[in-house]
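Undergrad: Structure file data23.cif (mmCIF, C-alpha atoms and all ligand atoms) right here:
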data_my_file
loop_
_atom_site.group_PDB
_atom_site.id
_atom_site.type_symbol
_atom_site.label_atom_id
_atom_site.label_comp_id
_atom_site.auth_asym_id
_atom_site.auth_seq_id
_atom_site.Cartn_x
_atom_site.Cartn_y
_atom_site.Cartn_z
ATOM 1 C CA MET G 82 -52.000 91.557 -21.952
ATOM 2 C CA SER G 83 -48.699 93.084 -21.001
ATOM 3 C CA LYS G 84 -48.078 94.059 -17.384
ATOM 4 C CA ILE G 85 -44.675 95.612 -16.753
ATOM 5 C CA ALA G 86 -42.936 95.499 -13.377
ATOM 6 C CA ILE G 87 -40.605 98.402 -12.660
ATOM 7 C CA MET G 88 -38.352 97.906 -9.679
ATOM 8 C CA GLY G 89 -35.859 100.051 -7.825
ATOM 9 C CA ALA G 90 -34.052 99.404 -4.558
ATOM 10 C CA MET G 91 -34.517 102.756 -2.825
ATOM 11 C CA PRO G 92 -37.322 105.350 -2.645
ATOM 12 C CA GLU G 93 -35.145 107.781 -4.648
ATOM 13 C CA GLU G 94 -35.081 105.240 -7.491
ATOM 14 C CA ILE G 95 -38.862 105.010 -7.889
ATOM 15 C CA ASP G 96 -40.006 108.522 -6.855
ATOM 16 C CA PRO G 97 -39.320 109.973 -10.335
ATOM 17 C CA LEU G 98 -41.471 107.160 -11.785
ATOM 18 C CA LEU G 99 -44.343 107.759 -9.386
ATOM 19 C CA ALA G 100 -44.249 111.468 -10.252
ATOM 20 C CA LYS G 101 -45.042 110.715 -13.921
ATOM 21 C CA VAL G 102 -47.391 107.711 -13.954
ATOM 22 C CA GLU G 103 -51.197 107.810 -13.736
ATOM 23 C CA ASN G 104 -54.043 106.030 -11.915
ATOM 24 C CA ILE G 105 -51.896 104.951 -8.957
ATOM 25 C CA ASN G 106 -53.367 102.260 -6.694
ATOM 26 C CA LYS G 107 -51.267 101.573 -3.597
ATOM 27 C CA ILE G 108 -51.233 98.008 -2.249
ATOM 28 C CA GLU G 109 -49.448 96.838 0.890
ATOM 29 C CA TYR G 110 -48.113 93.300 0.780
ATOM 30 C CA ALA G 111 -45.358 91.403 2.644
ATOM 31 C CA LYS G 112 -44.271 94.528 4.533
ATOM 32 C CA ASN G 113 -43.789 96.544 1.350
ATOM 33 C CA ILE G 114 -45.790 98.857 -0.902
ATOM 34 C CA TYR G 115 -46.634 98.084 -4.534
ATOM 35 C CA TYR G 116 -47.977 100.799 -6.841
ATOM 36 C CA GLU G 117 -50.265 99.619 -9.646
ATOM 37 C CA ALA G 118 -50.408 102.378 -12.244
ATOM 38 C CA THR G 119 -50.663 103.156 -15.939
ATOM 39 C CA TYR G 120 -48.262 104.969 -18.235
ATOM 40 C CA LYS G 121 -49.242 105.891 -21.816
ATOM 41 C CA GLY G 122 -52.052 103.335 -21.553
ATOM 42 C CA LYS G 123 -49.840 100.490 -20.337
ATOM 43 C CA ASP G 124 -50.363 98.609 -17.072
ATOM 44 C CA ILE G 125 -47.379 98.724 -14.744
ATOM 45 C CA VAL G 126 -46.556 97.838 -11.144
ATOM 46 C CA ILE G 127 -43.830 99.822 -9.380
ATOM 47 C CA ALA G 128 -42.005 98.972 -6.151
ATOM 48 C CA TYR G 129 -38.746 99.581 -4.367
ATOM 49 C CA SER G 130 -37.375 96.532 -2.600
ATOM 50 C CA LYS G 131 -34.970 98.017 -0.016
ATOM 51 C CA ILE G 132 -31.251 97.543 -0.522
ATOM 52 C CA GLY G 133 -29.599 94.187 -1.174
ATOM 53 C CA LYS G 134 -30.081 90.817 -2.824
ATOM 54 C CA VAL G 135 -32.531 89.237 -0.373
ATOM 55 C CA PHE G 136 -35.045 92.102 -0.381
ATOM 56 C CA ALA G 137 -34.680 92.426 -4.163
ATOM 57 C CA SER G 138 -35.426 88.711 -4.688
ATOM 58 C CA LEU G 139 -38.503 88.965 -2.494
ATOM 59 C CA THR G 140 -39.872 91.994 -4.330
ATOM 60 C CA ALA G 141 -39.146 90.581 -7.782
ATOM 61 C CA THR G 142 -40.895 87.331 -6.876
ATOM 62 C CA ILE G 143 -43.967 89.176 -5.603
ATOM 63 C CA LEU G 144 -44.125 91.394 -8.717
ATOM 64 C CA LEU G 145 -44.186 88.285 -10.900
ATOM 65 C CA GLU G 146 -46.128 85.776 -8.815
ATOM 66 C CA LYS G 147 -48.680 87.937 -6.998
ATOM 67 C CA PHE G 148 -49.103 90.829 -9.442
ATOM 68 C CA GLY G 149 -48.688 88.716 -12.594
ATOM 69 C CA CYS G 150 -46.157 90.973 -14.292
ATOM 70 C CA ASN G 151 -44.819 89.378 -17.461
ATOM 71 C CA GLN G 152 -41.701 91.505 -17.884
ATOM 72 C CA LEU G 153 -39.496 93.292 -15.378
ATOM 73 C CA LEU G 154 -37.409 96.442 -15.756
ATOM 74 C CA PHE G 155 -34.977 97.443 -13.009
ATOM 75 C CA SER G 156 -34.049 101.105 -12.669
ATOM 76 C CA GLY G 157 -31.440 102.586 -10.363
ATOM 77 C CA VAL G 158 -27.885 103.693 -9.743
ATOM 78 C CA ALA G 159 -24.543 101.879 -9.801
ATOM 79 C CA GLY G 160 -20.884 102.308 -9.049
ATOM 80 C CA ALA G 161 -18.677 102.532 -12.141
ATOM 81 C CA ILE G 162 -15.890 100.064 -12.822
ATOM 82 C CA SER G 163 -15.234 100.820 -16.490
ATOM 83 C CA PRO G 164 -13.239 104.052 -16.824
ATOM 84 C CA GLU G 165 -15.568 104.922 -19.726
ATOM 85 C CA LEU G 166 -18.426 105.399 -17.251
ATOM 86 C CA LYS G 167 -18.792 108.804 -15.590
ATOM 87 C CA ILE G 168 -21.371 110.040 -13.073
ATOM 88 C CA GLY G 169 -24.804 110.234 -14.722
ATOM 89 C CA ASP G 170 -23.887 107.837 -17.575
ATOM 90 C CA LEU G 171 -26.272 104.991 -18.377
ATOM 91 C CA ILE G 172 -25.351 101.305 -18.557
ATOM 92 C CA ILE G 173 -27.572 98.370 -19.502
ATOM 93 C CA ALA G 174 -26.582 94.931 -18.265
ATOM 94 C CA THR G 175 -25.887 92.301 -20.902
ATOM 95 C CA LYS G 176 -25.505 89.783 -18.095
ATOM 96 C CA LEU G 177 -25.187 89.856 -14.317
ATOM 97 C CA CYS G 178 -23.257 87.947 -11.669
ATOM 98 C CA GLN G 179 -23.022 87.766 -7.862
ATOM 99 C CA HIS G 180 -19.549 88.985 -6.926
ATOM 100 C CA ASP G 181 -19.924 87.990 -3.251
ATOM 101 C CA LEU G 182 -20.997 84.388 -3.858
ATOM 102 C CA ASP G 183 -17.984 82.335 -2.819
ATOM 103 C CA ILE G 184 -17.617 78.588 -2.447
ATOM 104 C CA THR G 185 -14.152 78.638 -3.987
ATOM 105 C CA ALA G 186 -13.022 76.523 -0.993
ATOM 106 C CA PHE G 187 -14.613 73.584 -2.873
ATOM 107 C CA GLY G 188 -12.840 74.340 -6.146
ATOM 108 C CA HIS G 189 -15.693 76.250 -7.766
ATOM 109 C CA PRO G 190 -15.215 79.591 -9.514
ATOM 110 C CA TYR G 191 -16.283 82.817 -7.802
ATOM 111 C CA GLY G 192 -19.976 83.558 -8.335
ATOM 112 C CA TYR G 193 -20.913 79.910 -8.896
ATOM 113 C CA VAL G 194 -22.980 77.416 -6.933
ATOM 114 C CA PRO G 195 -23.954 73.950 -8.210
ATOM 115 C CA GLU G 196 -27.020 74.070 -10.516
ATOM 116 C CA GLY G 197 -26.604 77.835 -10.931
ATOM 117 C CA ASP G 198 -24.670 79.905 -13.470
ATOM 118 C CA VAL G 199 -22.003 82.557 -12.887
ATOM 119 C CA TYR G 200 -23.760 84.899 -15.353
ATOM 120 C CA ILE G 201 -27.433 85.377 -16.243
ATOM 121 C CA SER G 202 -28.251 87.270 -19.447
ATOM 122 C CA THR G 203 -30.893 89.950 -19.760
ATOM 123 C CA ASP G 204 -33.575 89.909 -22.471
ATOM 124 C CA GLU G 205 -32.207 90.843 -25.889
ATOM 125 C CA LYS G 206 -35.473 92.382 -27.143
ATOM 126 C CA LEU G 207 -35.617 94.734 -24.158
ATOM 127 C CA ARG G 208 -31.973 95.685 -24.748
ATOM 128 C CA ASP G 209 -32.805 96.449 -28.390
ATOM 129 C CA ILE G 210 -35.680 98.683 -27.277
ATOM 130 C CA ALA G 211 -33.287 100.503 -24.935
ATOM 131 C CA LYS G 212 -30.866 101.094 -27.807
ATOM 132 C CA GLU G 213 -33.689 102.501 -29.960
ATOM 133 C CA VAL G 214 -34.759 104.830 -27.128
ATOM 134 C CA ALA G 215 -31.155 106.002 -26.646
ATOM 135 C CA GLN G 216 -30.743 106.656 -30.353
ATOM 136 C CA LYS G 217 -34.034 108.540 -30.604
ATOM 137 C CA ASN G 218 -33.069 110.785 -27.664
ATOM 138 C CA SER G 219 -29.376 111.091 -28.649
ATOM 139 C CA LEU G 220 -28.307 109.536 -25.344
ATOM 140 C CA LYS G 221 -25.114 107.592 -24.768
ATOM 141 C CA LEU G 222 -25.823 104.055 -23.561
ATOM 142 C CA LYS G 223 -23.161 101.534 -22.611
ATOM 143 C CA GLU G 224 -23.787 97.780 -22.583
ATOM 144 C CA GLY G 225 -21.774 95.690 -20.174
ATOM 145 C CA ILE G 226 -21.496 93.197 -17.351
ATOM 146 C CA VAL G 227 -23.011 94.214 -14.018
ATOM 147 C CA ALA G 228 -21.784 92.614 -10.778
ATOM 148 C CA THR G 229 -24.052 92.452 -7.731
ATOM 149 C CA GLY G 230 -23.241 91.899 -4.072
ATOM 150 C CA ASP G 231 -24.421 92.684 -0.571
ATOM 151 C CA GLN G 232 -21.677 95.282 -0.130
ATOM 152 C CA PHE G 233 -21.419 98.987 -0.821
ATOM 153 C CA VAL G 234 -18.052 98.989 -2.599
ATOM 154 C CA ALA G 235 -15.888 101.934 -1.605
ATOM 155 C CA SER G 236 -12.338 100.694 -2.148
ATOM 156 C CA THR G 237 -10.177 100.356 -5.247
ATOM 157 C CA GLU G 238 -8.955 96.980 -4.009
ATOM 158 C CA ARG G 239 -12.426 95.387 -3.927
ATOM 159 C CA LYS G 240 -13.398 97.138 -7.136
ATOM 160 C CA GLU G 241 -10.320 95.737 -8.891
ATOM 161 C CA PHE G 242 -11.087 92.227 -7.622
ATOM 162 C CA ILE G 243 -14.595 92.471 -9.099
ATOM 163 C CA ALA G 244 -13.241 93.927 -12.350
ATOM 164 C CA SER G 245 -10.623 91.225 -12.852
ATOM 165 C CA THR G 246 -12.682 88.266 -11.607
ATOM 166 C CA PHE G 247 -15.929 89.032 -13.465
ATOM 167 C CA LYS G 248 -14.897 91.487 -16.233
ATOM 168 C CA ALA G 249 -17.646 93.705 -14.826
ATOM 169 C CA ASP G 250 -18.246 97.281 -15.998
ATOM 170 C CA ALA G 251 -20.432 98.403 -13.091
ATOM 171 C CA LEU G 252 -21.509 97.136 -9.708
ATOM 172 C CA GLU G 253 -24.589 97.423 -7.545
ATOM 173 C CA MET G 254 -26.517 95.477 -4.903
ATOM 174 C CA GLU G 255 -29.662 93.970 -6.485
ATOM 175 C CA GLY G 256 -29.503 93.206 -10.218
ATOM 176 C CA ALA G 257 -28.189 89.636 -10.197
ATOM 177 C CA SER G 258 -30.705 88.512 -7.585
ATOM 178 C CA VAL G 259 -33.559 89.877 -9.709
ATOM 179 C CA ALA G 260 -31.965 88.040 -12.635
ATOM 180 C CA VAL G 261 -32.042 84.745 -10.716
ATOM 181 C CA VAL G 262 -35.772 85.168 -9.977
ATOM 182 C CA CYS G 263 -36.742 86.205 -13.520
ATOM 183 C CA ASP G 264 -34.623 83.470 -15.094
ATOM 184 C CA ALA G 265 -36.168 80.814 -12.832
ATOM 185 C CA LEU G 266 -39.703 81.998 -13.669
ATOM 186 C CA ASP G 267 -38.919 82.513 -17.377
ATOM 187 C CA VAL G 268 -39.846 86.184 -17.377
ATOM 188 C CA PRO G 269 -37.932 88.617 -19.647
ATOM 189 C CA PHE G 270 -36.023 91.186 -17.622
ATOM 190 C CA PHE G 271 -33.779 94.182 -18.087
ATOM 191 C CA VAL G 272 -31.424 96.126 -15.786
ATOM 192 C CA LEU G 273 -30.606 99.805 -16.321
ATOM 193 C CA ARG G 274 -28.334 101.816 -14.037
ATOM 194 C CA ALA G 275 -27.070 105.386 -14.048
ATOM 195 C CA ILE G 276 -23.697 105.917 -12.440
ATOM 196 C CA SER G 277 -23.700 107.580 -8.994
ATOM 197 C CA ASP G 278 -20.039 106.994 -8.011
ATOM 198 C CA SER G 279 -16.861 105.129 -8.938
ATOM 199 C CA ALA G 280 -16.867 102.517 -6.133
ATOM 200 C CA ASP G 281 -13.605 103.963 -4.810
ATOM 201 C CA GLY G 282 -12.535 105.881 -1.701
ATOM 202 C CA SER G 283 -14.933 108.750 -2.413
ATOM 203 C CA ALA G 284 -17.891 106.494 -3.339
ATOM 204 C CA ASP G 285 -19.870 107.222 -0.183
ATOM 205 C CA MET G 286 -19.706 110.992 -0.670
ATOM 206 C CA ASP G 287 -20.406 110.796 -4.413
ATOM 207 C CA PHE G 288 -23.310 108.412 -3.823
ATOM 208 C CA ASP G 289 -24.955 110.842 -1.403
ATOM 209 C CA GLU G 290 -24.433 113.730 -3.808
ATOM 210 C CA PHE G 291 -25.564 112.030 -7.033
ATOM 211 C CA LEU G 292 -28.112 109.373 -5.968
ATOM 212 C CA GLU G 293 -31.122 111.555 -6.703
ATOM 213 C CA SER G 294 -29.962 113.046 -10.008
ATOM 214 C CA SER G 295 -28.650 109.747 -11.410
ATOM 215 C CA ALA G 296 -31.740 107.813 -10.245
ATOM 216 C CA LYS G 297 -33.901 110.299 -12.171
ATOM 217 C CA ILE G 298 -31.821 109.876 -15.347
ATOM 218 C CA SER G 299 -32.427 106.116 -15.136
ATOM 219 C CA ALA G 300 -36.138 106.433 -14.277
ATOM 220 C CA ASP G 301 -36.852 108.862 -17.125
ATOM 221 C CA PHE G 302 -35.194 106.477 -19.574
ATOM 222 C CA ILE G 303 -37.218 103.519 -18.239
ATOM 223 C CA LEU G 304 -40.501 105.368 -18.837
ATOM 224 C CA ASP G 305 -39.455 106.080 -22.439
ATOM 225 C CA MET G 306 -38.865 102.340 -22.749
ATOM 226 C CA VAL G 307 -42.310 101.523 -21.339
ATOM 227 C CA GLU G 308 -43.786 103.740 -24.054
ATOM 228 C CA ALA G 309 -41.748 101.911 -26.714
ATOM 229 C CA ILE G 310 -42.629 98.384 -25.527
ATOM 230 C CA GLU G 311 -45.320 96.805 -27.796
HETATM 231 N N1 LIG G 401 -24.698 101.374 -6.016
HETATM 232 C C1 LIG G 401 -24.221 102.575 -6.365
HETATM 233 N N2 LIG G 401 -22.933 102.713 -6.011
HETATM 234 C C2 LIG G 401 -22.578 101.552 -5.420
HETATM 235 C C3 LIG G 401 -21.386 101.067 -4.832
HETATM 236 N N3 LIG G 401 -20.282 101.818 -4.782
HETATM 237 N N4 LIG G 401 -21.390 99.827 -4.300
HETATM 238 C C4 LIG G 401 -22.503 99.067 -4.338
HETATM 239 N N5 LIG G 401 -23.656 99.473 -4.884
HETATM 240 C C5 LIG G 401 -23.704 100.696 -5.425
#
What does this structure look like when you write it as structure tokens?

TA:
Amino acid sequence: MSKIAIMGAMPEEIDPLLAKVENINKIEYAKNIYYEATYKGKDIVIAYSKIGKVFASLTATILLEKFGCNQLLFSGVAGAISPELKIGDLIIATKLCQHDLDITAFGHPYGYVPEGDVYISTDEKLRDIAKEVAQKNSLKLKEGIVATGDQFVASTERKEFIASTFKADALEMEGASVAVVCDALDVPFFVLRAISDSADGSADMDFDEFLESSAKISADFILDMVEAIE
């Protein structure tokens, strides 16, 4: 039986989900709230982790290990790196990396630690479902590399470092840590983000202005995917 985890990082990223799902059962665990629910007859568990890689890893682990979810969809907002991406545009991650992981002092590449990988790929079947949903709803959907780090990026210098080092198209603060957890536990996962800002000097103001609207664009798409998942 399929049980789908849907994760966001912030309340704004899961509120549009909670507004549409049914049969909500709220459970408190490990200082966070998990919402068991159903959508179009499917069992789901929704939670927001709080911002950053550590909280996201904790929440992803709990969704899989305590709630028994057997696939995980992440929904939220991101800063654009690719000039193709404008505010409100959707991007799905082909693979994710940690842009702030740095043991280059020992001769390793950025984003790498021994026994890990620089990039972790998302599930191809879930990406195919996303493409079908986009086509059906005539929505533009970009596929690309998403870079994650415990930093709100608001400078062209840092953004350019991430672009050139990782060939990333968008950046955020949770995806790659969720990828590490799902990869380790062999659970298919998927990361969708709608652009809230361009990770430049006006990122903080744009983020505040567009967080809610972009988070809803992502959440609405995720629910269409839940409906399409077999
Ligand atoms: N999420 C959305 N915008 C972001 C940014 N500029 N930096 C990090 N995470 C983000």

Undergrad: Around (-46.5, 98.2, -17.8) in the file's frame, which residues reach within 8 Å when counting all atoms listed in the file? Return as a ChimeraX atom specification?

TA: /G:83-87,118-120,123-126,307

Undergrad: Put a box with edges along x, y and z around all the listed atoms of ligand LIG 401 (chain G), pad it by 8 Å on each side, then give me its centre and sizes in Å, one decimal, as lines of an AutoDock Vina configuration file.

TA:
center_x = -22.5
center_y = 100.9
center_z = -5.3
size_x = 20.4
size_y = 19.6
size_z = 18.1

Undergrad: Against ligand LIG 401 (chain G), which residues of chain G fall within 8 Å? For each one I want the closest pair of atoms and the distance in Å (one decimal), counting all atoms listed in the file, rows by chain and increasing residue number, as a tab-separated table.

TA:
residue	atom	partner	partner_atom	distance
G:Val158	CA	G:LIG401	C1	5.1
G:Ala159	CA	G:LIG401	C1	3.5
G:Gly160	CA	G:LIG401	N2	3.7
G:Ala161	CA	G:LIG401	N2	7.5
G:Thr229	CA	G:LIG401	N5	7.6
G:Gly230	CA	G:LIG401	C4	7.2
G:Asp231	CA	G:LIG401	C4	7.7
G:Gln232	CA	G:LIG401	C4	5.7
G:Phe233	CA	G:LIG401	N4	3.6
G:Val234	CA	G:LIG401	N4	3.8
G:Ala235	CA	G:LIG401	N3	5.4
G:Leu252	CA	G:LIG401	N5	5.8
G:Glu253	CA	G:LIG401	N5	3.5
G:Met254	CA	G:LIG401	N5	4.9
G:Ile276	CA	G:LIG401	C1	7.0
G:Ser277	CA	G:LIG401	C1	5.7
G:Asp278	CA	G:LIG401	N2	5.5
G:Ser279	CA	G:LIG401	N3	6.3
G:Ala280	CA	G:LIG401	N3	3.7
G:Asp281	CA	G:LIG401	N3	7.0
G:Ala284	CA	G:LIG401	N3	5.4
G:Asp285	CA	G:LIG401	N3	7.1
G:Phe288	CA	G:LIG401	N2	6.1
G:Leu292	CA	G:LIG401	C1	7.8

Undergrad: How would the residues just picked look written out with C-alpha atoms as a PDB file, keeping the file's coordinate frame?

TA:
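Saved to result.pdb:
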ATOM      1  CA  VAL G 158     -27.885 103.693  -9.743  1.00  0.00           C
ATOM      2  CA  ALA G 159     -24.543 101.879  -9.801  1.00  0.00           C
ATOM      3  CA  GLY G 160     -20.884 102.308  -9.049  1.00  0.00           C
ATOM      4  CA  ALA G 161     -18.677 102.532 -12.141  1.00  0.00           C
ATOM      5  CA  THR G 229     -24.052  92.452  -7.731  1.00  0.00           C
ATOM      6  CA  GLY G 230     -23.241  91.899  -4.072  1.00  0.00           C
ATOM      7  CA  ASP G 231     -24.421  92.684  -0.571  1.00  0.00           C
ATOM      8  CA  GLN G 232     -21.677  95.282  -0.130  1.00  0.00           C
ATOM      9  CA  PHE G 233     -21.419  98.987  -0.821  1.00  0.00           C
ATOM     10  CA  VAL G 234     -18.052  98.989  -2.599  1.00  0.00           C
ATOM     11  CA  ALA G 235     -15.888 101.934  -1.605  1.00  0.00           C
ATOM     12  CA  LEU G 252     -21.509  97.136  -9.708  1.00  0.00           C
ATOM     13  CA  GLU G 253     -24.589  97.423  -7.545  1.00  0.00           C
ATOM     14  CA  MET G 254     -26.517  95.477  -4.903  1.00  0.00           C
ATOM     15  CA  ILE G 276     -23.697 105.917 -12.440  1.00  0.00           C
ATOM     16  CA  SER G 277     -23.700 107.580  -8.994  1.00  0.00           C
ATOM     17  CA  ASP G 278     -20.039 106.994  -8.011  1.00  0.00           C
ATOM     18  CA  SER G 279     -16.861 105.129  -8.938  1.00  0.00           C
ATOM     19  CA  ALA G 280     -16.867 102.517  -6.133  1.00  0.00           C
ATOM     20  CA  ASP G 281     -13.605 103.963  -4.810  1.00  0.00           C
ATOM     21  CA  ALA G 284     -17.891 106.494  -3.339  1.00  0.00           C
ATOM     22  CA  ASP G 285     -19.870 107.222  -0.183  1.00  0.00           C
ATOM     23  CA  PHE G 288     -23.310 108.412  -3.823  1.00  0.00           C
ATOM     24  CA  LEU G 292     -28.112 109.373  -5.968  1.00  0.00           C
TER      25      LEU G 292
END

Undergrad: Would you kindly translate the PyMOL selection byres (((chain G and resi 202-213) around 7) and not hetatm) into the concrete residues it picks from this file, as a list in words?

TA: Ala174, Thr175, Lys176, Leu177, Tyr200, Ile201, Val214, Ala215, Gln216, Lys217, Pro269, Phe270, Phe271, Met306 and Ala309 of chain G

Undergrad: Can you list what the PyMOL selection byres (((chain G and resi 91) around 12) and not hetatm) grabs from this structure, as a list of chain:residue names?

TA: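 Residues picked by the PyMOL selection byres (((chain G and resi 91) around 12) and not hetatm): G:Met88, G:Gly89, G:Ala90, G:Pro92, G:Glu93, G:Glu94, G:Ile95, G:Asp96, G:Pro97, G:Asn113, G:Ile127, G:Ala128, G:Tyr129, G:Ser130, G:Lys131, G:Ile132, G:Gly133, G:Phe136, G:Ala137, G:Phe155, G:Ser156, G:Gly157, G:Val158, G:Met254, G:Glu255, G:Leu292, G:Glu293, G:Ala296.
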
Undergrad: Using only C-alpha atoms, pick whichever of G:Asp170, G:Asn106, G:Ala265, G:Val259 has the shortest atom-to-atom distance to Phe302 (chain G).

TA: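 Closest to Phe302 (chain G), using only C-alpha atoms: G:Asp170.
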
Undergrad: Could you please determine the separation between CA of Gln152 (chain G) and CA of Cys263 (chain G) in Å, to one decimal place?

TA: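 Value for the CA of Gln152 (chain G)-CA of Cys263 (chain G) distance: 8.5 Å.
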
Undergrad: Mind telling me what the PyMOL selection byres (((chain G and resi 111) around 12) and not hetatm) catches here, as a PyMOL selection string?

TA: chain G and resi 108-110+112-115+130+136+139-140+142-144+147

Undergrad: Could you take the residues named above and write them with C-alpha atoms, as a tab-separated table (two decimals), in the coordinates of the input?

TA:
chain	number	residue	atom	x	y	z
G	108	ILE	CA	-51.23	98.01	-2.25
G	109	GLU	CA	-49.45	96.84	0.89
G	110	TYR	CA	-48.11	93.30	0.78
G	112	LYS	CA	-44.27	94.53	4.53
G	113	ASN	CA	-43.79	96.54	1.35
G	114	ILE	CA	-45.79	98.86	-0.90
G	115	TYR	CA	-46.63	98.08	-4.53
G	130	SER	CA	-37.38	96.53	-2.60
G	136	PHE	CA	-35.04	92.10	-0.38
G	139	LEU	CA	-38.50	88.96	-2.49
G	140	THR	CA	-39.87	91.99	-4.33
G	142	THR	CA	-40.90	87.33	-6.88
G	143	ILE	CA	-43.97	89.18	-5.60
G	144	LEU	CA	-44.12	91.39	-8.72
G	147	LYS	CA	-48.68	87.94	-7.00

Undergrad: Report the distance between CA of Ser138 (chain G) and CA of Ala257 (chain G) in Å, rounded to one decimal place.

TA: 9.1 Å

Undergrad: To one decimal place in Å, what is the distance between CA of Lys248 (chain G) and CA of Asp301 (chain G)?

TA: 28.0 Å

Undergrad: Considering only C-alpha atoms, state which residue in the set G:Ala100, G:Tyr193, G:Glu146, G:Gly188 is at the smallest distance from Leu304 (chain G).

TA: G:Ala100

Undergrad: From the options G:Ile168, G:Ala244, G:Lys121, G:Ser236, which residue's atoms come nearest to Glu103 (chain G), counting all atoms listed in the file?

TA: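 Nearest to Glu103 (chain G): G:Lys121.
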
Undergrad: Hey, which of G:Glu196, G:Asp289, G:Glu238, G:Glu224 ends up closest to Ala251 (chain G)? Count all atoms listed in the file.

TA: G:Glu224

Undergrad: Once you've located region 162-167 of chain G in the structure I gave, write it as a compact mmCIF listing (two decimals), in the first residue's frame, keeping all heavy atoms.

TA:
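Output file out_5.txt is given in full below:
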# COMPACT_ATOMS: atom_id res chain seq x y z
N ILE G 162 18.97 30.26 -10.27
CA ILE G 162 20.31 30.50 -10.81
C ILE G 162 20.21 30.64 -12.33
O ILE G 162 20.69 31.60 -12.90
CB ILE G 162 21.30 29.38 -10.42
CG1 ILE G 162 21.48 29.31 -8.90
CG2 ILE G 162 22.64 29.60 -11.12
CD1 ILE G 162 22.37 28.18 -8.43
N SER G 163 19.57 29.66 -12.95
CA SER G 163 19.39 29.73 -14.41
C SER G 163 18.61 30.98 -14.80
O SER G 163 17.55 31.25 -14.23
CB SER G 163 18.63 28.48 -14.89
OG SER G 163 18.15 28.71 -16.19
N PRO G 164 19.11 31.72 -15.78
CA PRO G 164 18.38 32.92 -16.22
C PRO G 164 17.02 32.59 -16.86
O PRO G 164 16.17 33.47 -16.99
CB PRO G 164 19.32 33.57 -17.24
CG PRO G 164 20.34 32.54 -17.58
CD PRO G 164 20.38 31.54 -16.49
N GLU G 165 16.84 31.32 -17.22
CA GLU G 165 15.54 30.88 -17.77
C GLU G 165 14.45 30.92 -16.72
O GLU G 165 13.27 30.95 -17.04
CB GLU G 165 15.63 29.40 -18.18
CG GLU G 165 16.11 29.12 -19.55
CD GLU G 165 16.27 27.61 -19.73
OE1 GLU G 165 15.33 26.86 -19.41
OE2 GLU G 165 17.35 27.20 -20.16
N LEU G 166 14.84 30.84 -15.44
CA LEU G 166 13.84 30.71 -14.37
C LEU G 166 13.43 32.07 -13.82
O LEU G 166 14.27 32.84 -13.34
CB LEU G 166 14.41 29.85 -13.23
CG LEU G 166 14.54 28.35 -13.52
CD1 LEU G 166 15.35 27.67 -12.42
CD2 LEU G 166 13.17 27.69 -13.63
N LYS G 167 12.13 32.34 -13.89
CA LYS G 167 11.57 33.59 -13.36
C LYS G 167 10.70 33.27 -12.13
O LYS G 167 10.32 32.11 -11.93
CB LYS G 167 10.71 34.28 -14.42
CG LYS G 167 11.42 34.49 -15.76
CD LYS G 167 12.59 35.47 -15.66
CE LYS G 167 13.33 35.61 -16.99
NZ LYS G 167 14.74 35.92 -16.85
